[in-house]
Amino acid sequence: KFKLTRVGNEKMMHPLVHEISSSALARRGLMSTPDPETLETEIMLLRARIQGFRNGLVSSKAKPNEQQKYHDLIEKCETRLAFYGKTLANVKSGKAPCNPDENRKLLNQEESSIITGAEIIATTLSSCSSRKISDALSDSTQFSCCIVDEATQATEPEILIPLHHDICHLVLVGD
């Protein structure tokens with residue numbers, strides 16, 4: 001089984017493919033209704049993570065780019081912590097859990113982690129240069145292969161777009 005996701009314009013996706021889109025997977029992951037005990041455990045783990053990042057930031061003589069990385073990690077954890085805290089309060093009071101669409105930042109973070117963790121990313125040539133993919137994939141991310149289907153329908157500059165993502169092999173398929 002592969003970790004597969006589809007990135008791109010949801011309106012243009014086939015309904016069957018939409019189920020594995022990065023945005024649908026992120027929404028589904030955040031919408032699952034966990035029990036209060038699980039939420040409390042997640043909150044404790046996030047608090048410990050935040051404290052660990054803060055300790056690492058203070059104790060290490062980190063370079064400015066490393067400090068920024070720590071700050072970004074702390075911010076991501078705090079956003080998730082706020083979401084889980086609100087969800088826990090809602091679950092305990094009998095209300096519906098929080099809707100991730102209300103917290104766009106958290107939804108974007110979840111979607112980014114899905115793209116980062118994917119083994120196969122299906123997208124169009126134009127979508128492979130989207131901000132969503134660029135933000136999720138770091139400079140050190142390397143792809144072993146990019147397969148361009150219907151390559152005869154693309155222009156040469158379009159086919160070069162995926163090379164921005166450090167690809168070892170580019171395979172063109174078509175007539």
# chains A, B, ... in the order shown; residues from 1 in each chain; ligands from 1
call {"tool": "residues_around", "arguments": {"residues": "Glu19 in chain A", "least_positions_apart": "4", "cutoff": "12 Å", "atoms": "only C-alpha atoms", "output": "PyMOL selection string"}}
result
chain A and resi 4-7+10+13-15+23-28
call {"tool": "write_last_selection", "arguments": {"atoms": "N, CA and C atoms", "output": "PDB file, in the first residue's frame"}}
result
ATOM      1  N   LEU A   4      -0.487   7.793  -1.158  1.00  0.00           N
ATOM      2  CA  LEU A   4      -0.765   8.493  -2.403  1.00  0.00           C
ATOM      3  C   LEU A   4      -1.697   9.655  -2.140  1.00  0.00           C
ATOM      4  N   THR A   5      -1.433  10.783  -2.761  1.00  0.00           N
ATOM      5  CA  THR A   5      -2.347  11.914  -2.676  1.00  0.00           C
ATOM      6  C   THR A   5      -2.403  12.627  -4.015  1.00  0.00           C
ATOM      7  N   ARG A   6      -3.488  13.317  -4.230  1.00  0.00           N
ATOM      8  CA  ARG A   6      -3.694  14.108  -5.453  1.00  0.00           C
ATOM      9  C   ARG A   6      -3.743  15.562  -5.036  1.00  0.00           C
ATOM     10  N   VAL A   7      -2.938  16.388  -5.670  1.00  0.00           N
ATOM     11  CA  VAL A   7      -2.887  17.813  -5.361  1.00  0.00           C
ATOM     12  C   VAL A   7      -3.330  18.586  -6.586  1.00  0.00           C
ATOM     13  N   GLU A  10      -9.644  21.099  -6.865  1.00  0.00           N
ATOM     14  CA  GLU A  10     -10.632  20.069  -6.524  1.00  0.00           C
ATOM     15  C   GLU A  10     -11.800  20.034  -7.502  1.00  0.00           C
ATOM     16  N   MET A  13     -11.143  17.668 -10.425  1.00  0.00           N
ATOM     17  CA  MET A  13     -10.840  16.266 -10.146  1.00  0.00           C
ATOM     18  C   MET A  13     -12.058  15.380 -10.367  1.00  0.00           C
ATOM     19  N   HIS A  14     -11.785  14.176 -10.791  1.00  0.00           N
ATOM     20  CA  HIS A  14     -12.831  13.159 -10.894  1.00  0.00           C
ATOM     21  C   HIS A  14     -13.316  12.856  -9.469  1.00  0.00           C
ATOM     22  N   PRO A  15     -14.607  12.614  -9.263  1.00  0.00           N
ATOM     23  CA  PRO A  15     -15.128  12.360  -7.914  1.00  0.00           C
ATOM     24  C   PRO A  15     -14.422  11.223  -7.172  1.00  0.00           C
ATOM     25  N   SER A  23      -6.435  17.914   0.281  1.00  0.00           N
ATOM     26  CA  SER A  23      -7.376  18.701   1.088  1.00  0.00           C
ATOM     27  C   SER A  23      -8.452  17.811   1.714  1.00  0.00           C
ATOM     28  N   ALA A  24      -8.948  16.816   0.976  1.00  0.00           N
ATOM     29  CA  ALA A  24      -9.959  15.904   1.531  1.00  0.00           C
ATOM     30  C   ALA A  24      -9.361  15.046   2.641  1.00  0.00           C
ATOM     31  N   LEU A  25      -8.132  14.575   2.454  1.00  0.00           N
ATOM     32  CA  LEU A  25      -7.470  13.777   3.484  1.00  0.00           C
ATOM     33  C   LEU A  25      -7.219  14.605   4.740  1.00  0.00           C
ATOM     34  N   ALA A  26      -6.823  15.863   4.571  1.00  0.00           N
ATOM     35  CA  ALA A  26      -6.581  16.740   5.721  1.00  0.00           C
ATOM     36  C   ALA A  26      -7.879  16.994   6.477  1.00  0.00           C
ATOM     37  N   ARG A  27      -8.932  17.315   5.743  1.00  0.00           N
ATOM     38  CA  ARG A  27     -10.235  17.572   6.365  1.00  0.00           C
ATOM     39  C   ARG A  27     -10.722  16.332   7.119  1.00  0.00           C
ATOM     40  N   ARG A  28     -10.598  15.170   6.489  1.00  0.00           N
ATOM     41  CA  ARG A  28     -11.044  13.922   7.107  1.00  0.00           C
ATOM     42  C   ARG A  28     -10.238  13.621   8.373  1.00  0.00           C
TER      43      ARG A  28
END
call {"tool": "select_by_dssp", "arguments": {"residues": "range 32-152 of chain A", "states": "strand (DSSP E)", "output": "PyMOL selection string"}}
result
chain A and resi 120-122+143-148
call {"tool": "residues_around", "arguments": {"residues": "Glu42 in chain A", "least_positions_apart": "4", "cutoff": "9 Å", "atoms": "only C-alpha atoms", "output": "JSON list (two decimals) with C-alpha atoms, in the first residue's frame"}}
result
[["chain", "number", "residue", "atom", "x", "y", "z"],
["A", 37, "GLU", "CA", -9.13, 10.95, 26.71],
["A", 38, "THR", "CA", -7.33, 10.88, 23.36],
["A", 46, "LEU", "CA", 1.77, 18.98, 22.25],
["A", 47, "ARG", "CA", 2.56, 20.93, 25.43],
["A", 81, "LEU", "CA", -3.04, 22.85, 20.57],
["A", 84, "TYR", "CA", -7.58, 20.39, 20.14]]
call {"tool": "select_by_dssp", "arguments": {"residues": "chain A", "states": "alpha helix (DSSP H)", "output": "MDAnalysis selection string"}}
result
chainID A and resid 15:18 22:31 36:59 64:92 104:117 131:136 156:160
call {"tool": "atom_distance", "arguments": {"atom1": "CA of Ser22 in chain A", "atom2": "CA of Ile114 in chain A"}}
result
6.4 Å
call {"tool": "atom_distance", "arguments": {"atom1": "CA of Pro36 in chain A", "atom2": "CA of Asn108 in chain A"}}
result
24.2 Å
call {"tool": "residues_around", "arguments": {"residues": "range 43-45 of chain A", "least_positions_apart": "3", "cutoff": "10 Å", "atoms": "only C-alpha atoms", "output": "list in words"}}
result
Glu37, Thr38, Leu39, Glu40, Ala48, Arg49, Ile50, Gln51, Cys77, Glu78, Arg80, Leu81, Ala82, Phe83, Tyr84, Gly85 and Leu88 of chain A
call {"tool": "residues_around", "arguments": {"residues": "range 160-168 of chain A", "least_positions_apart": "2", "cutoff": "10 Å", "atoms": "only C-alpha atoms", "output": "ChimeraX atom specification"}}
result
/A:124-129,133-134,137-148,155-158,170
call {"tool": "residues_around", "arguments": {"residues": "Glu150 in chain A", "least_positions_apart": "3", "cutoff": "10 Å", "atoms": "only C-alpha atoms", "output": "number ranges by chain"}}
result
A: 147, 153-154, 172-175
call {"tool": "atom_distance", "arguments": {"atom1": "CA of Ser112 in chain A", "atom2": "CA of Ile74 in chain A"}}
result
16.1 Å
